[in-house]
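What follows is a short report on a single structure.
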Amino acid sequence: LPTSPFRFGRMEKRQSRIKKNWTLGKFERSVSVSESYLFTSGSQINEKQGSPQIQIKPTRLQSDSHHRNNEWANHTELQDVDVVEVAVETAISTAKDNDYLKGFINKITEPDVRLSCTVVGAEVSAQKGDKKNWYCSVGILHTQHLKNPLVQKKNLSDWKKEGLISEVFTTSQQPDCRWDESLEISISKPADEYLVIEVWNQEKPNGEDPTGSKGSKKKQKESSYLGRMFYCLKPVSSDAVTKTLDLFSHSVKHKRGNIDLLLSIKGTDAEKGSLLGRLKEHRALVTKIVVHESKEDARRRGVEDNLPPWDGQMDPAAESLIKFHAQFRSLSDFHQTAVHFSVLFSYQKANTVQMSVLISLVDSVSKLPLDSHLNDGAEISQLFNNLQEILTSTLNVLNNHLVDFDIKSSSSVESLKEHLLLVKKLYSMEEFVNSLPSNFRSSTAVIETAIQKSIVSWYSMYATSLSVASSNELEENSDETLAALSGIFKHVLNECNALKENVAPIFMKLFEVDYLAHIFLTLNSHFEHVARLLKSISTSKVSNEEHLLGVTYQLYLTFQALKQLSQASVKRFPGEQQLNSYHLWFIHFVTRWINLATAKCKKGIIEAIKNDEAIAMTEDVGYSSSLVDTMTLFHNMVVFWKHLQWPDPEKAYSYLSVLIISIAEAALYYVVEVYKKADQCFSTDGKLIATVQLCTILNNMQTIRDKLSPPELLSDEIGDTKPVGIIDELGLQEFFDWLEQEKGIGLKLKEFVNRTMHNTADDISNKMSTGIFHLEKQYIPAVQKFIEEILLKHGGALSVENLQYLEEYFNTNLTVLSKNLLYPTFKLVLRKVWEATLRIFMEIGDTHLTKPSQWQACRNIALSLKEYFRADGEGLVDDDLDSPAFKAFLFDVDRRSQPTNILVLKCCSDLAAQQTMAVDLPTKQQQFGELSLTIGYLKTSSVIEVKVLEARNIPVNKTCYMPYVELQMLPGILFLDNPNESYTTKKYKQQTQNPQFRETFQIPSHSSIMQLEGTILSLVASNYDATGKDHFLGLCVVPCNIIPHCIDASELGRSSMMLNIPLFHITTSGVFLELVTRHQRSDEVASQLYTTFIKKLKANL
């Protein structure tokens, strides 16, 4: 600990409980008062309440009259102290008998003292019309009788009869209450005695004295009692003082007037008891007790030869004795505290006391009404001198507190806090502060000066070593200079953090002084030199580049932390702070830092892959050791960027771009290299075998891909729990917002980062697809072979029994994948397996399934497999299962499992839908022209009458052009009377785009059939070719349910529908192709439609 006039320690309170009882009038009080320390202020009981009665307990003090320090003891002027000398010798003796101690105290409290009381006059309330003859009765009552009921209810004459008082004194009778009579009364203990005066009125002046023992009761009643007063003699001294006191009734409820008195104490002991004599006597008593108590404390602790700082603790009996003496000698709180302070301050200069003792002393002084004692001459002057000496010594300690105190030690910080608290207490006394020189009257200014002086001494130790390191040529000593810089400011940072945590809050709380602000303001002048050194080092030759970059990066982080510490502190100080531009000192190093980080990352990846056996680290972790090492390397680069926090937006933009590219290249390099360690899948006897190594490699690749993927791309494949990607770890969103706000380039950089990461993730996905392709390549033939074996075994039929075989096969071949692949990758593989299974069903079905019922069985098995792949929520989700491939599969299977009659109706409905689409096309997009006709249905004859008028905008064939139109009702299966009948217009040469036909046809049809969905009238426009291969021009259809119905021929002419229908070329659908397939398989209904209709369109399909 630092050398200081005040040693440090903690003074523990020791409390004694003393019961104080007193009575005033009819009111009784019992108060428990807590007394602590030697230096507590005196009794707070006012004059009318009385003096407390203190019980003195047996002392534990040992007999020893030697002083702790003879020089200091002689300085305290103990000569000519007769009674006190005896009292102290007795108090520190080995006598433990309580009565003996009380007897010693009685020697102190039995002086020859007399009270001089001059009764001047009174103002009283009198009854109207009565002649008054006023007189006073005077007596002395001891404190111990205040609680006696007679005192409350009776008068002085009764008290005398009962022995409560020894004598009653009476003034003369005066009609105007003016007596001016002096009485001299013997007293023993002024602190324990009360002056009691009663005012009476004598109706018959010549009657007997009502207070005497000889007066009759009748005559006593002729005297009227007006009121009385009580006054404690404790504050009365040899100096006469005038008092005006209130007169009250017996009940103390009614004020009856007041009385004027002139009081003083006389006698041999009273002369000796002047204020100066009483203070001298009290100081001598306190001095002897302090010397003895401190010595006893050292003896008990076994350190008599080397006295430690005293904690100020005293034996309770000694404390009571000191307090008793102060009360007995009528010393005020101010004088008591001044004496105690003077004694302890003198003692500490020779032997030292603990800091807490001084703080308690100053606190007691600060609570005194010093303004009312400024005229007390020597006492107040001595007190202020002592306080000023304490302040000066404390400030001398604070001027070097950074050097002398260990700010990381809680005990040392506590000691510093005690010094500051002492200064705070000193400056809380306005009267004392006004007595100081003008430059010491501001506590804030004094503390700030102490901080600045301490910082200069503190930093000068480090500046010296830095000057030595940088004094020689930098080319030869750059390493040494850099090491000195790094060491100094790392220590400065540690010290500043400790100051911020432990010291700065104390200064702020006590004095509202920003400690760190003064630190950085003082260091500001040294930072320019640091900047020059770093610039020189950046261009100098070094033996170890990696070491240089490592040290400069750590130094950069150190200044960054210092800048963050300084930001909140130096705002209120004007002027440019060198630390604000700390990053510019390192601008030549940043790109070299990034390049070094990238090189170390790639080197680490090479080493990690070299030592990797492509085996999962544990059963719960599906990736290998190389991935863990690579992710650690990526994390290091993330930490590097987050710590960099480059404050210049434009430079930060370029640095991040380089860093992102470096991470992407490193990730892609890892994926390419690690895949080289993967074994290939192979098939044996139709069974799929996927190696554990391949699964582990795929897991590694997937994890890297997810790490690099932008967050918005992870939701579909990762599941509910998304991994934290590189972009999130870098905390780039806030960085993008900052760039956008500062320079408007945040969105541009965000787009670049997302694009780079997205492209890298795609490259990794493509590499993963290579591995998955090996699985798929081996899987499809193996499954296809297995299903074909099942079909051959069961005669080409699929059943529930087949499904059982399939599920067993899948369980066998997918177990390795499900156990070793991470869920996202396994899900990807499972989705491909599902889609491949559907394709296999279709391919095998086209070869082996010929009946709709077989396709229906295939459909049922596929739906059951769908639930198998769902795996009770642990497999594929609905979005994967209901993929476009599955929907196409269901559509094809549903089509193939339906009867041909239904397919024919669907084919006709499909033609009607295509016609509607052709009608909705704009005229310019109608490439095949249109057909104009009128149509109506005649109910009476059940025929459709169609008049084909003309065709327009038909493309012209210059070689041969003989257009015609063929009409046919579809589907033919509904027209059982003549299902294959068709109607054709005449064929003749018309070399024009708008051929005319003007022909009418009547086609039989039942009205019930006309309303069915799917019945249509087809009109096929063709160009006749004599070679037998007519050229198809276009097709149009009219749904039968839109043809108007007429009752007879006359109405038919008015109600027929005029249509201009665009010609279109048919778009082949699955239904169409299925009908062709069934025709090839000799299906009768399909063959009928093919022969009568589809064949005409085949050349155009």
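Order determines the names: the first chain of the structure tokens is A, the second B, and so forth; residues in each chain are numbered 1 upward, and ligands are numbered 1 upward as they are shown.
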Which neighbours of stretch 889-892 of chain A fall inside 8 Å, counting only C-alpha atoms, when residues of the same chain fewer than 6 positions from it are skipped, and could you give them as a ChimeraX atom specification? /A:838-839,842,859,1070
Hey, what's within 12 Å of A:Asp406 if we count only C-alpha atoms and toss same-chain stuff fewer than 6 positions away? As a PDB file with N, CA and C atoms, in the first residue's frame, please?
```
ATOM      1  N   LEU A   1       0.843  -1.196   0.000  1.00  0.00           N
ATOM      2  CA  LEU A   1       0.000   0.000   0.000  1.00  0.00           C
ATOM      3  C   LEU A   1       0.877   1.245   0.000  1.00  0.00           C
ATOM      4  N   PRO A   2       0.406   2.338  -0.547  1.00  0.00           N
ATOM      5  CA  PRO A   2       1.212   3.558  -0.628  1.00  0.00           C
ATOM      6  C   PRO A   2       1.479   4.142   0.755  1.00  0.00           C
ATOM      7  N   ASN A 400      -0.866  10.918  -6.696  1.00  0.00           N
ATOM      8  CA  ASN A 400      -0.089   9.782  -7.212  1.00  0.00           C
ATOM      9  C   ASN A 400      -0.858   8.467  -7.066  1.00  0.00           C
ATOM     10  N   SER A 412      -7.416  -2.195  -2.146  1.00  0.00           N
ATOM     11  CA  SER A 412      -6.750  -0.947  -2.511  1.00  0.00           C
ATOM     12  C   SER A 412      -7.744   0.074  -3.051  1.00  0.00           C
ATOM     13  N   VAL A 413      -8.689  -0.392  -3.871  1.00  0.00           N
ATOM     14  CA  VAL A 413      -9.726   0.506  -4.391  1.00  0.00           C
ATOM     15  C   VAL A 413     -10.590   1.034  -3.255  1.00  0.00           C
ATOM     16  N   GLU A 414     -10.845   0.186  -2.282  1.00  0.00           N
ATOM     17  CA  GLU A 414     -11.625   0.627  -1.125  1.00  0.00           C
ATOM     18  C   GLU A 414     -10.880   1.709  -0.358  1.00  0.00           C
ATOM     19  N   SER A 415      -9.563   1.568  -0.271  1.00  0.00           N
ATOM     20  CA  SER A 415      -8.763   2.597   0.395  1.00  0.00           C
ATOM     21  C   SER A 415      -8.811   3.915  -0.373  1.00  0.00           C
ATOM     22  N   LEU A 416      -8.710   3.829  -1.702  1.00  0.00           N
ATOM     23  CA  LEU A 416      -8.826   5.035  -2.518  1.00  0.00           C
ATOM     24  C   LEU A 416     -10.189   5.679  -2.326  1.00  0.00           C
ATOM     25  N   GLU A 495      -5.541  -1.220 -17.888  1.00  0.00           N
ATOM     26  CA  GLU A 495      -5.696  -0.264 -16.799  1.00  0.00           C
ATOM     27  C   GLU A 495      -6.967   0.567 -16.965  1.00  0.00           C
ATOM     28  N   ALA A 498      -9.949  -1.473 -16.039  1.00  0.00           N
ATOM     29  CA  ALA A 498     -10.037  -1.586 -14.585  1.00  0.00           C
ATOM     30  C   ALA A 498     -10.489  -0.269 -13.958  1.00  0.00           C
ATOM     31  N   LEU A 499      -9.991   0.844 -14.484  1.00  0.00           N
ATOM     32  CA  LEU A 499     -10.418   2.156 -13.980  1.00  0.00           C
ATOM     33  C   LEU A 499     -11.911   2.387 -14.235  1.00  0.00           C
ATOM     34  N   ASN A 502     -13.723  -0.063 -11.711  1.00  0.00           N
ATOM     35  CA  ASN A 502     -13.547   0.047 -10.261  1.00  0.00           C
ATOM     36  C   ASN A 502     -13.431   1.478  -9.748  1.00  0.00           C
ATOM     37  N   VAL A 503     -12.840   2.366 -10.545  1.00  0.00           N
ATOM     38  CA  VAL A 503     -12.485   3.689 -10.026  1.00  0.00           C
ATOM     39  C   VAL A 503     -13.405   4.791 -10.559  1.00  0.00           C
TER      40      VAL A 503
END
```
